[in-house]
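A short worksheet on the structure shown next.
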Amino acid sequence: MDSDLLLPRPEGLYCPAGDFFIDPMLPVPRAVVTHAHGDHARSGSELYHVASAGIGLMRERLGATATIRDHAYGESFTMGDTRLSLHPSGHVLGAAQVRIEGRGLVAVVSGDYKRDPDPTCVPFEPVPCDVFVTESTFGLPIYRWPPMHAVIDDMLAWLEECAERAVPAVLFCYALGKAQRILAELAARSDRTVHLHGAMLRLVEAYREAGVRMLPTQAVSESARGKDFAGELVMAPPSAAGSPWMRRFAKASTGFASGWMQVRGARRRRGYDRGFVVSDHADWPGLLQSVRDCGAKRIYVTHGDGEALIRHLRETGHDARPLRSLGGTVSDVRDSEEGD
């Protein structure tokens with residue numbers, strides 16, 4: 001693969017010239033981790049290199065005893081015979097693309113990324129390269145995200161409707177990234193307190209510690225027993241749907257915030273009253289724009305079903321290929337609470 005600068009291995013994507021792995025799926029001696037979602041940041045490796053902007057989340061994810069070296073965005077450092085730097089990917093707080101220079105090539109591994117504005121993280125930075133490894137979580141033309149202000153308008157109208165009906169509004173969304181982005185977007189339009197499922201508390205606090213402004217929050221468990229939460233916004237991870245925890249909200253109206261809500265019928269099949277199209281990944285236009293912006297001669301596609309993206313890129317003159325390791329695409333294991 002491109003003079004062996006990057007090689008797919010069972011442990012993950014390996015750089016022989018630097019002797020490190022990117023987002024390894026198994027414990028390794030040296031790991032470069034793009035962001036703190038559980039399908040990218042796994043505990044057990046001897047040494048981690050991460051972006052400084054996400055150090056709090058990484059320590060939360062990897063554990064207090066993990067050996068972590070953090071680097072400012074754009075800061076250059078050496079591993080073996082390669083020079084590396086980390087650049088914003090716009091996915092979640094502290095998420096990074098990995099630029100690798102060695103053996104006469106520059107390769108960029110995007111990790112997960114998005115091109116839409118997000119008040120909780122630094123925007124995506126196009127990085128010129130010869131080889132670009134791109135995700136394709138939403139690699140179909142149907143995926144085109146609506147403006148976030150329109151989504152928030154719709155969400156606020158739903159909350160107002162729930163208040164008029166005197167029922168709780170329970171919004172399901174992923175605990176890392178999505179929840180904080182929604183809390184930050186709403187903070188520009190409201191000052192209401194939001195009630196959180198316990199799984200979200202520490203992650204929201206990590207964002208606050210990083211200086212991200214969000215709506216005030218309170219743990220559901222801190223509310224008096226028997227509180228009906230009428231007209232209140234409650235946020236919870238998708239795993240809470242249908243669980244005993246939901247018994248407190250028997251009359252609730254439920255919503256789900258995810259890029260998957262772009263597909264007609266997805267909300268109905270999942271059993272939610274409302275669907276809000278919010279994603280922390282690039283949509284189809286964002287994927288194509290990112291390929292153009294980096295100017296790479298060769299594109300490797302990973303995550304999700306990348307066949308449509310590969311076919312389109314080839315039809316438009318790009319050398320595009322799937323990136324595969326033993327058992328499937330590299331990093332094809334998605335975390336059910338943190339995917340999109």
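Residue numbering restarts at 1 in every chain; chains get A, B, ... in the order shown in the structure tokens, and ligands count up from 1 in that same order.
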
Legend entry - DSSP-assigned strand (DSSP E) among stretch 96-301 of chain A, expressed as a PyMOL selection string: chain A and resi 96-102+105-109+131-135+169-172+194-196+217-219+233-236+253-257+274-276+298-301

Inset, instruction - Just the residues within 8 Å of A:Val301, please, counting only C-alpha atoms, with nothing from its chain fewer than 6 positions along; format it as a VMD selection string. - result: chain A and resid 133 to 136 309 to 310 320 to 323

Would you mind exporting C-alpha atoms of the selected residues as an mmCIF file, in the first residue's frame?
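So the final result, stored in part_11.cif, reads:
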```cif
data_model
loop_
_atom_site.group_PDB
_atom_site.id
_atom_site.type_symbol
_atom_site.label_atom_id
_atom_site.label_comp_id
_atom_site.auth_asym_id
_atom_site.auth_seq_id
_atom_site.Cartn_x
_atom_site.Cartn_y
_atom_site.Cartn_z
ATOM 1 C CA VAL A 133 -7.752 7.699 3.939
ATOM 2 C CA THR A 134 -11.366 8.823 4.266
ATOM 3 C CA GLU A 135 -14.304 7.505 6.230
ATOM 4 C CA SER A 136 -17.585 6.792 4.441
ATOM 5 C CA LEU A 309 -18.225 6.555 -2.915
ATOM 6 C CA ILE A 310 -15.426 4.544 -4.538
ATOM 7 C CA ALA A 320 -10.043 5.244 -5.199
ATOM 8 C CA ARG A 321 -9.799 1.894 -3.422
ATOM 9 C CA PRO A 322 -11.297 0.142 -0.372
ATOM 10 C CA LEU A 323 -9.074 -0.156 2.684
#
```

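Atom CA of A:Ile182 is positioned 28.9 Å from atom CA of A:Ile22.
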
Inset, instruction - Could you check how far atom CA of A:Gly18 sits from atom CA of A:His71, in Å to one decimal? - result: 16.7 Å

Legend entry - Every residue of stretch 6-107 of chain A that DSSP places in helix (DSSP H, G or I), as number ranges by chain: A: 52-62

Legend entry - Neighbour list for stretch 98-103 of chain A as a PyMOL selection string, cut-off 9 Å, only C-alpha atoms, skip fewer than 6 positions in-chain: chain A and resi 3-5+15+17-18+22+32-34+81-87+109-111+127+129

Same residues, all heavy atoms, output as a short mmCIF file (atom, residue, chain, number, x, y, z; two decimals), in the first residue's frame:
```cif
data_model
loop_
_atom_site.label_atom_id
_atom_site.label_comp_id
_atom_site.auth_asym_id
_atom_site.auth_seq_id
_atom_site.Cartn_x
_atom_site.Cartn_y
_atom_site.Cartn_z
N SER A 3 4.06 2.21 -1.19
CA SER A 3 5.43 2.06 -0.69
C SER A 3 5.46 1.63 0.77
O SER A 3 6.39 1.94 1.51
CB SER A 3 6.22 3.37 -0.87
OG SER A 3 6.25 3.73 -2.23
N ASP A 4 4.41 0.95 1.21
CA ASP A 4 4.34 0.42 2.57
C ASP A 4 4.37 1.51 3.64
O ASP A 4 4.75 1.26 4.78
CB ASP A 4 5.48 -0.58 2.83
CG ASP A 4 5.35 -1.82 1.97
OD1 ASP A 4 4.23 -2.08 1.51
OD2 ASP A 4 6.35 -2.52 1.77
N LEU A 5 3.97 2.73 3.30
CA LEU A 5 3.86 3.76 4.33
C LEU A 5 2.76 3.39 5.31
O LEU A 5 2.87 3.64 6.51
CB LEU A 5 3.60 5.13 3.70
CG LEU A 5 3.57 6.32 4.66
CD1 LEU A 5 4.89 6.46 5.41
CD2 LEU A 5 3.23 7.61 3.92
N CYS A 15 1.90 1.76 10.40
CA CYS A 15 2.93 2.50 9.67
C CYS A 15 4.28 1.87 10.00
O CYS A 15 4.84 2.12 11.08
CB CYS A 15 2.91 3.97 10.06
SG CYS A 15 4.23 4.93 9.26
N ALA A 17 7.29 2.46 8.78
CA ALA A 17 8.39 3.42 8.87
C ALA A 17 8.42 4.12 10.23
O ALA A 17 9.48 4.53 10.71
CB ALA A 17 8.29 4.45 7.74
N GLY A 18 7.27 4.27 10.85
CA GLY A 18 7.19 4.90 12.16
C GLY A 18 6.96 3.93 13.29
O GLY A 18 7.05 4.31 14.46
N ILE A 22 -2.56 3.36 13.95
CA ILE A 22 -3.56 4.42 14.07
C ILE A 22 -4.89 3.78 14.47
O ILE A 22 -5.37 2.85 13.81
CB ILE A 22 -3.72 5.19 12.75
CG1 ILE A 22 -2.39 5.86 12.37
CG2 ILE A 22 -4.83 6.25 12.87
CD1 ILE A 22 -2.41 6.52 11.00
N VAL A 32 -1.48 5.97 17.73
CA VAL A 32 -1.92 7.33 17.47
C VAL A 32 -3.44 7.26 17.35
O VAL A 32 -3.96 6.53 16.51
CB VAL A 32 -1.30 7.90 16.18
CG1 VAL A 32 -1.81 9.32 15.92
CG2 VAL A 32 0.22 7.89 16.25
N VAL A 33 -4.13 8.00 18.21
CA VAL A 33 -5.59 7.86 18.29
C VAL A 33 -6.25 9.16 17.83
O VAL A 33 -5.93 10.25 18.31
CB VAL A 33 -6.02 7.52 19.74
CG1 VAL A 33 -7.53 7.41 19.83
CG2 VAL A 33 -5.37 6.20 20.17
N THR A 34 -7.19 9.02 16.90
CA THR A 34 -7.80 10.20 16.28
C THR A 34 -8.81 10.89 17.18
O THR A 34 -8.93 12.12 17.13
CB THR A 34 -8.48 9.83 14.95
OG1 THR A 34 -9.51 8.84 15.19
CG2 THR A 34 -7.46 9.28 13.96
N ASP A 81 11.08 6.79 11.30
CA ASP A 81 11.53 7.54 10.14
C ASP A 81 10.43 8.42 9.55
O ASP A 81 10.47 8.78 8.37
CB ASP A 81 12.04 6.58 9.06
CG ASP A 81 13.28 5.82 9.50
OD1 ASP A 81 14.07 6.40 10.29
OD2 ASP A 81 13.46 4.67 9.06
N THR A 82 9.42 8.79 10.36
CA THR A 82 8.32 9.61 9.86
C THR A 82 8.16 10.87 10.71
O THR A 82 8.55 10.92 11.88
CB THR A 82 6.98 8.83 9.90
OG1 THR A 82 6.66 8.50 11.27
CG2 THR A 82 7.06 7.56 9.08
N ARG A 83 7.57 11.89 10.07
CA ARG A 83 7.16 13.11 10.77
C ARG A 83 5.65 13.13 10.78
O ARG A 83 5.00 12.95 9.74
CB ARG A 83 7.70 14.37 10.08
CG ARG A 83 9.21 14.49 10.06
CD ARG A 83 9.76 14.79 11.45
NE ARG A 83 9.39 16.13 11.90
CZ ARG A 83 9.64 16.60 13.13
NH1 ARG A 83 10.23 15.81 14.02
NH2 ARG A 83 9.31 17.81 13.46
N LEU A 84 5.09 13.36 11.95
CA LEU A 84 3.64 13.36 12.10
C LEU A 84 3.16 14.71 12.59
O LEU A 84 3.89 15.48 13.22
CB LEU A 84 3.18 12.31 13.12
CG LEU A 84 3.17 10.85 12.68
CD1 LEU A 84 4.57 10.27 12.72
CD2 LEU A 84 2.24 10.03 13.56
N SER A 85 1.90 15.00 12.32
CA SER A 85 1.20 16.12 12.94
C SER A 85 -0.29 15.79 12.94
O SER A 85 -0.77 15.00 12.13
CB SER A 85 1.47 17.44 12.20
OG SER A 85 1.19 17.34 10.82
N LEU A 86 -1.00 16.38 13.90
CA LEU A 86 -2.43 16.15 14.06
C LEU A 86 -3.18 17.42 13.68
O LEU A 86 -2.78 18.52 14.07
CB LEU A 86 -2.74 15.75 15.50
CG LEU A 86 -1.98 14.51 16.01
CD1 LEU A 86 -2.32 14.25 17.48
CD2 LEU A 86 -2.29 13.29 15.18
N HIS A 87 -4.27 17.27 12.94
CA HIS A 87 -5.02 18.41 12.41
C HIS A 87 -6.50 18.21 12.67
O HIS A 87 -7.00 17.08 12.64
CB HIS A 87 -4.74 18.56 10.91
CG HIS A 87 -3.29 18.72 10.59
ND1 HIS A 87 -2.70 19.96 10.39
CD2 HIS A 87 -2.28 17.81 10.48
CE1 HIS A 87 -1.41 19.80 10.16
NE2 HIS A 87 -1.13 18.51 10.20
N VAL A 109 -4.66 10.33 7.36
CA VAL A 109 -5.72 9.43 7.81
C VAL A 109 -6.75 10.29 8.53
O VAL A 109 -6.46 10.89 9.57
CB VAL A 109 -5.18 8.34 8.74
CG1 VAL A 109 -6.31 7.42 9.21
CG2 VAL A 109 -4.09 7.53 8.03
N SER A 110 -7.95 10.36 7.98
CA SER A 110 -8.93 11.34 8.46
C SER A 110 -9.54 10.99 9.80
O SER A 110 -10.01 11.88 10.52
CB SER A 110 -10.05 11.50 7.43
OG SER A 110 -10.87 10.33 7.40
N GLY A 111 -9.56 9.69 10.19
CA GLY A 111 -10.42 9.31 11.30
C GLY A 111 -11.86 9.62 10.89
O GLY A 111 -12.22 9.51 9.72
N VAL A 127 -5.97 19.12 4.59
CA VAL A 127 -4.53 18.93 4.66
C VAL A 127 -4.06 18.34 3.33
O VAL A 127 -4.40 17.20 3.00
CB VAL A 127 -4.15 17.99 5.81
CG1 VAL A 127 -2.63 17.84 5.89
CG2 VAL A 127 -4.70 18.51 7.14
N CYS A 129 -2.17 16.31 0.56
CA CYS A 129 -1.47 15.03 0.72
C CYS A 129 -1.46 14.26 -0.59
O CYS A 129 -2.16 14.61 -1.55
CB CYS A 129 -2.14 14.20 1.82
SG CYS A 129 -3.91 13.89 1.56
#
```

For stretch 139-221 of chain A against stretch 236-257 of chain A, with a cut-off of 12 Å and counting only C-alpha atoms, what is the closest atom pair and its distance in Å to one decimal for every residue that makes the cut, ordered by chain and number, as a Markdown table?
```
| residue | atom | partner | partner_atom | distance |
| --- | --- | --- | --- | --- |
| A:Met148 | CA | A:Ala257 | CA | 11.7 |
| A:Val151 | CA | A:Ala257 | CA | 9.6 |
| A:Ile152 | CA | A:Ala257 | CA | 10.8 |
| A:Asp154 | CA | A:Gly255 | CA | 11.3 |
| A:Met155 | CA | A:Gly255 | CA | 9.1 |
| A:Trp158 | CA | A:Ser253 | CA | 9.0 |
| A:Leu159 | CA | A:Ser253 | CA | 9.4 |
| A:Glu160 | CA | A:Ser253 | CA | 11.7 |
| A:Glu161 | CA | A:Ser253 | CA | 9.7 |
| A:Cys162 | CA | A:Ser253 | CA | 7.1 |
| A:Ala163 | CA | A:Ser253 | CA | 10.5 |
| A:Arg165 | CA | A:Ser253 | CA | 9.7 |
| A:Ala166 | CA | A:Ala252 | CA | 9.2 |
| A:Val167 | CA | A:Ala252 | CA | 5.4 |
| A:Pro168 | CA | A:Ala252 | CA | 4.7 |
| A:Ala169 | CA | A:Ser253 | CA | 5.1 |
| A:Val170 | CA | A:Thr254 | CA | 4.8 |
| A:Leu171 | CA | A:Gly255 | CA | 4.7 |
| A:Phe172 | CA | A:Phe256 | CA | 4.7 |
| A:Cys173 | CA | A:Pro237 | CA | 5.2 |
| A:Tyr174 | CA | A:Pro237 | CA | 5.3 |
| A:Ala175 | CA | A:Pro237 | CA | 5.7 |
| A:Leu176 | CA | A:Pro237 | CA | 9.3 |
| A:Gly177 | CA | A:Pro237 | CA | 11.5 |
| A:Lys178 | CA | A:Ala257 | CA | 7.9 |
| A:Ala179 | CA | A:Ala236 | CA | 8.4 |
| A:Gln180 | CA | A:Ala236 | CA | 11.7 |
| A:Arg181 | CA | A:Ala257 | CA | 10.9 |
| A:Ile182 | CA | A:Ala257 | CA | 9.0 |
| A:Val194 | CA | A:Ala236 | CA | 10.7 |
| A:His195 | CA | A:Ala236 | CA | 8.8 |
| A:Leu196 | CA | A:Ala236 | CA | 6.2 |
| A:His197 | CA | A:Ala236 | CA | 4.9 |
| A:Gly198 | CA | A:Ala236 | CA | 8.2 |
| A:Ala199 | CA | A:Pro237 | CA | 7.3 |
| A:Met200 | CA | A:Ala236 | CA | 7.2 |
| A:Leu201 | CA | A:Ala236 | CA | 10.1 |
| A:Ala219 | CA | A:Ala236 | CA | 10.5 |
| A:Val220 | CA | A:Arg248 | CA | 9.6 |
| A:Ser221 | CA | A:Trp245 | CA | 10.1 |
```

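Shortest atom-to-atom contact with A:Val204 among A:Gly56, A:His303, A:Leu6, A:Val122: A:Gly56, counting only C-alpha atoms.
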
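Here atom CA of A:Ala31 is placed at a distance of 24.9 Å from atom CA of A:Ser290.
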
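For the choices A:Asp153, A:Glu75, A:Glu125, A:Asp70, the atom-to-atom distance to A:Ser52 is smallest for A:Asp70 when using only C-alpha atoms.
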
Inset, instruction - Excluding stretch 63-66 of chain A and residues on its chain fewer than 2 positions from it, collect all residues at most 9 Å away from it, counting only C-alpha atoms, and give them as a list in words. - result: Ser43, Gly44, Ser45, Glu46, Leu47, Tyr48, Met58, Arg59, Glu60, Arg61 and Ile68 of chain A

Taking C-alpha atoms for each residue, export the selection above as a PDB file, in the first residue's frame.
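As a result, selection02.pdb now contains:
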```pdb
ATOM      1  CA  SER A  43      -7.433   0.832  26.330  1.00  0.00           C
ATOM      2  CA  GLY A  44      -4.450  -1.498  26.767  1.00  0.00           C
ATOM      3  CA  SER A  45      -1.768  -0.009  24.523  1.00  0.00           C
ATOM      4  CA  GLU A  46       1.590   1.001  26.022  1.00  0.00           C
ATOM      5  CA  LEU A  47       1.732   4.565  24.635  1.00  0.00           C
ATOM      6  CA  TYR A  48      -0.836   6.886  23.060  1.00  0.00           C
ATOM      7  CA  MET A  58      -8.926  10.646  26.246  1.00  0.00           C
ATOM      8  CA  ARG A  59      -8.053  10.279  29.925  1.00  0.00           C
ATOM      9  CA  GLU A  60     -11.705   9.573  30.644  1.00  0.00           C
ATOM     10  CA  ARG A  61     -11.757   6.928  27.918  1.00  0.00           C
ATOM     11  CA  ILE A  68      -0.562   9.606  26.891  1.00  0.00           C
TER      12      ILE A  68
END
```

8 Å contact set for A:Glu11, only C-alpha atoms, chain neighbours under 6 positions out, as an mmCIF file with C-alpha atoms, in the first residue's frame:
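The result, written out as selection24.cif:
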```
data_model
loop_
_atom_site.group_PDB
_atom_site.id
_atom_site.type_symbol
_atom_site.label_atom_id
_atom_site.label_comp_id
_atom_site.auth_asym_id
_atom_site.auth_seq_id
_atom_site.Cartn_x
_atom_site.Cartn_y
_atom_site.Cartn_z
ATOM 1 C CA PHE A 21 -0.711 1.977 14.671
ATOM 2 C CA PRO A 24 -5.680 0.100 16.813
ATOM 3 C CA MET A 25 -8.357 -2.458 17.566
ATOM 4 C CA LEU A 26 -6.002 -4.456 19.810
ATOM 5 C CA PRO A 27 -3.343 -3.368 22.346
ATOM 6 C CA VAL A 28 -0.075 -2.314 20.650
#
```

Legend entry - Minimum-distance residue to A:His318, chosen among A:Trp284, A:Phe20, A:Phe132, A:Tyr143 (using only C-alpha atoms): A:Phe132

Inset, instruction - Name all residues at most 12 Å from A:Pro117 (count only C-alpha atoms; drop same-chain ones fewer than 2 positions away) and give them as a PyMOL selection string. - result: chain A and resi 89-92+113-115+119-125+145-149+181+184-185+278-282+286
